[in-house]
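S.K.: I'd like to ask some things about the structure below.
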Amino acid sequence: SQTIHQWPATLVQPVGSPLSLECTVEGTSNPNLYWYRQAAGRGLQLLFYSVGIGQISSEVPQNLSASRPQDRQFILSSKKLLLSDSGFYLCAWSPIRGETQYFGPGTRLLVL
Amino acid sequence: DQQVKQNSPSLSVQEGRISILNCDYTNSMFDYFLWYKKYPAEGPTFLISISSIKDKNEDGRFTVFLNKSAKHLSLHIVPSQPGDSAVYFCAASEDAGKSTFGDGTTLTVKP
């Protein structure tokens, strides 16, 4: 069966510090991968999605970036965090050409 | 411009009664619609979906209705149970794998 892992579960970082969140998927090959952010009381905002290694599409301009160094690994990064980067970050995967997405447990990021 | 809207931020229902969650969309190219359920501090989980070629899909206590002419879909939960209390997200897709989500509706089912 397929599983998706995200870490860390919770992170508190000072403004201006770097960020690296990691997501890995097991039990499937060549998945589509996604990064979402859920701000407090809001819906899911798609940040990045990837259909293959090294292929990243950005949905919104921001100081975040994403990379996919391996087929089942998706990394969300920032060089300098802003207060507005606080939120709940979710990684998800879907089968290639599949509509249903399967979400990880999420990372709660608090930037102080 | 928000393409998927859930106009009710919250809904409260008595246990055993019907819960109806609504979702409207503006993009006529959407051809697949999904509902996800989310508990606090967890990732959303897939609940039920419907293709644009259908107007109804049922799975146990959950039924999704699609009205393409009105660009409206709804999720019915019958009977509602306290464990159904969660945030429900509506999502729509025009490109396999990439979905647009609504802001969610918080359902509270009172015992």
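Chains: A, B, ... in order of the structure tokens. Residues: from 1 per chain. Ligands: from 1, in order shown.
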Select, as JSON, numbers by chain, those residues of chain A with any atom no more than 6 Å from chain B (distances computed using only C-alpha atoms).
M.R.: {"A": [42, 43, 97, 98, 99, 103, 104, 105, 106]}
S.K.: I need the residue nearest Lys5 (chain B) from this list: B:Ser85, B:Ser19, B:Ser52, B:Thr26. Use only C-alpha atoms for the distance.
M.R.: B:Thr26
S.K.: Give me the residues near Val12 (chain A) as a PyMOL selection string, where near means some atom within 8 Å (using only C-alpha atoms) and where sequence neighbours in that chain fewer than 5 positions away do not count.
M.R.: chain A and resi 109-112
S.K.: Output N, CA and C atoms of each residue in that selection to a file, as a short mmCIF file (atom, residue, chain, number, x, y, z; two decimals), in the first residue's frame.
M.R.:
```
data_model
loop_
_atom_site.label_atom_id
_atom_site.label_comp_id
_atom_site.auth_asym_id
_atom_site.auth_seq_id
_atom_site.Cartn_x
_atom_site.Cartn_y
_atom_site.Cartn_z
N LEU A 109 4.00 25.13 10.77
CA LEU A 109 5.14 26.05 10.81
C LEU A 109 4.71 27.35 11.47
N LEU A 110 5.46 27.74 12.47
CA LEU A 110 5.23 29.02 13.13
C LEU A 110 6.49 29.86 12.99
N VAL A 111 6.36 31.00 12.33
CA VAL A 111 7.49 31.90 12.14
C VAL A 111 7.33 33.06 13.12
N LEU A 112 8.35 33.27 13.97
CA LEU A 112 8.26 34.30 15.01
C LEU A 112 9.24 35.44 14.74
#
```
S.K.: Expressed in Å to a single decimal, how great is the separation between CA of Lys68 (chain B) and CA of Ile50 (chain B)?
M.R.: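 These atoms are spaced 11.5 Å apart.
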S.K.: Report as an mmCIF file with all heavy atoms, in the first residue's frame all protein, DNA and RNA residues lying within 7 Å of Pro111 (chain B), evaluated on only C-alpha atoms, omitting residues in the same chain fewer than 2 positions from it.
M.R.:
```cif
data_model
loop_
_atom_site.group_PDB
_atom_site.id
_atom_site.type_symbol
_atom_site.label_atom_id
_atom_site.label_comp_id
_atom_site.auth_asym_id
_atom_site.auth_seq_id
_atom_site.Cartn_x
_atom_site.Cartn_y
_atom_site.Cartn_z
ATOM 1 N N GLN B 14 -27.992 18.126 14.210
ATOM 2 C CA GLN B 14 -28.231 17.170 15.284
ATOM 3 C C GLN B 14 -27.916 15.754 14.793
ATOM 4 O O GLN B 14 -28.163 15.414 13.617
ATOM 5 C CB GLN B 14 -29.706 17.255 15.698
ATOM 6 C CG GLN B 14 -29.998 16.783 17.106
ATOM 7 C CD GLN B 14 -29.393 17.696 18.160
ATOM 8 O OE1 GLN B 14 -29.276 18.909 17.981
ATOM 9 N NE2 GLN B 14 -29.010 17.090 19.265
ATOM 10 N N GLU B 15 -27.362 14.953 15.682
ATOM 11 C CA GLU B 15 -27.081 13.554 15.355
ATOM 12 C C GLU B 15 -28.317 12.867 14.795
ATOM 13 O O GLU B 15 -29.434 13.032 15.308
ATOM 14 C CB GLU B 15 -26.598 12.824 16.607
ATOM 15 C CG GLU B 15 -26.236 11.370 16.386
ATOM 16 C CD GLU B 15 -25.737 10.688 17.655
ATOM 17 O OE1 GLU B 15 -25.758 11.324 18.727
ATOM 18 O OE2 GLU B 15 -25.314 9.519 17.573
ATOM 19 N N PRO B 82 -21.697 12.000 15.289
ATOM 20 C CA PRO B 82 -20.723 12.915 15.908
ATOM 21 C C PRO B 82 -19.324 12.790 15.308
ATOM 22 O O PRO B 82 -18.603 13.777 15.196
ATOM 23 C CB PRO B 82 -20.749 12.495 17.391
ATOM 24 C CG PRO B 82 -22.129 11.966 17.602
ATOM 25 C CD PRO B 82 -22.484 11.264 16.315
ATOM 26 N N VAL B 109 -21.605 17.939 14.419
ATOM 27 C CA VAL B 109 -22.764 17.091 14.640
ATOM 28 C C VAL B 109 -22.935 16.930 16.142
ATOM 29 O O VAL B 109 -22.076 16.380 16.836
ATOM 30 C CB VAL B 109 -22.593 15.719 13.972
ATOM 31 C CG1 VAL B 109 -23.827 14.853 14.228
ATOM 32 C CG2 VAL B 109 -22.346 15.876 12.477
#
```
S.K.: Please provide as a PyMOL selection string all residues within 12 Å of Cys91 (chain A), with the sequence filter that same-chain residues fewer than 3 positions apart are discarded (counting only C-alpha atoms).
M.R.: (chain A and resi 3-7+9+21-25+32-38+44-50+66+72-76+88+94+101-108) or (chain B and resi 42-44)
S.K.: May I ask which of the residues B:Gln2, B:Thr108, B:Ser74, B:Gln81 is the closest one to Leu21 (chain B), counting only C-alpha atoms?
M.R.: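 Smallest separation from Leu21 (chain B) among the options: B:Ser74.
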S.K.: What does the distance from CA of Thr10 (chain A) to CA of Lys79 (chain A) come to in Å, to one decimal?
M.R.: 18.6 Å
S.K.: Give the strand (DSSP E or B) residues of region 25-94 of chain B, as DSSP finds them on the backbone, and put them as number ranges by chain.
M.R.: B: 25, 32-38, 45-51, 56-59, 62-67, 72-77, 86-94
S.K.: Please determine, counting only C-alpha atoms, which residue among B:Lys110, B:Ser8, B:Gly83, B:Ile53 has the shortest atom-to-atom distance to Ile20 (chain B).
M.R.: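 Counting only C-alpha atoms, the residue closest to Ile20 (chain B) is B:Ser8.
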S.K.: Provide the CA of Gly16 (chain B) to CA of Asp84 (chain B) distance in Å, to one decimal place.
M.R.: 11.1 Å
S.K.: Counting only C-alpha atoms, what is within 8 Å of Ile18 (chain B), bar same-chain residues fewer than 5 positions away, as a PyMOL selection string?
M.R.: chain B and resi 13+76-80
S.K.: Using only C-alpha atoms, which protein or nucleic acid residues come within 7 Å of Ser17 (chain A)? Drop anything in the same chain fewer than 2 positions from it, and give the result as a list in words.
M.R.: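 Close residues of Ser17 (chain A): Gln13, Pro14, Val15, Leu19, Lys79, Lys80 and Leu81 of chain A.
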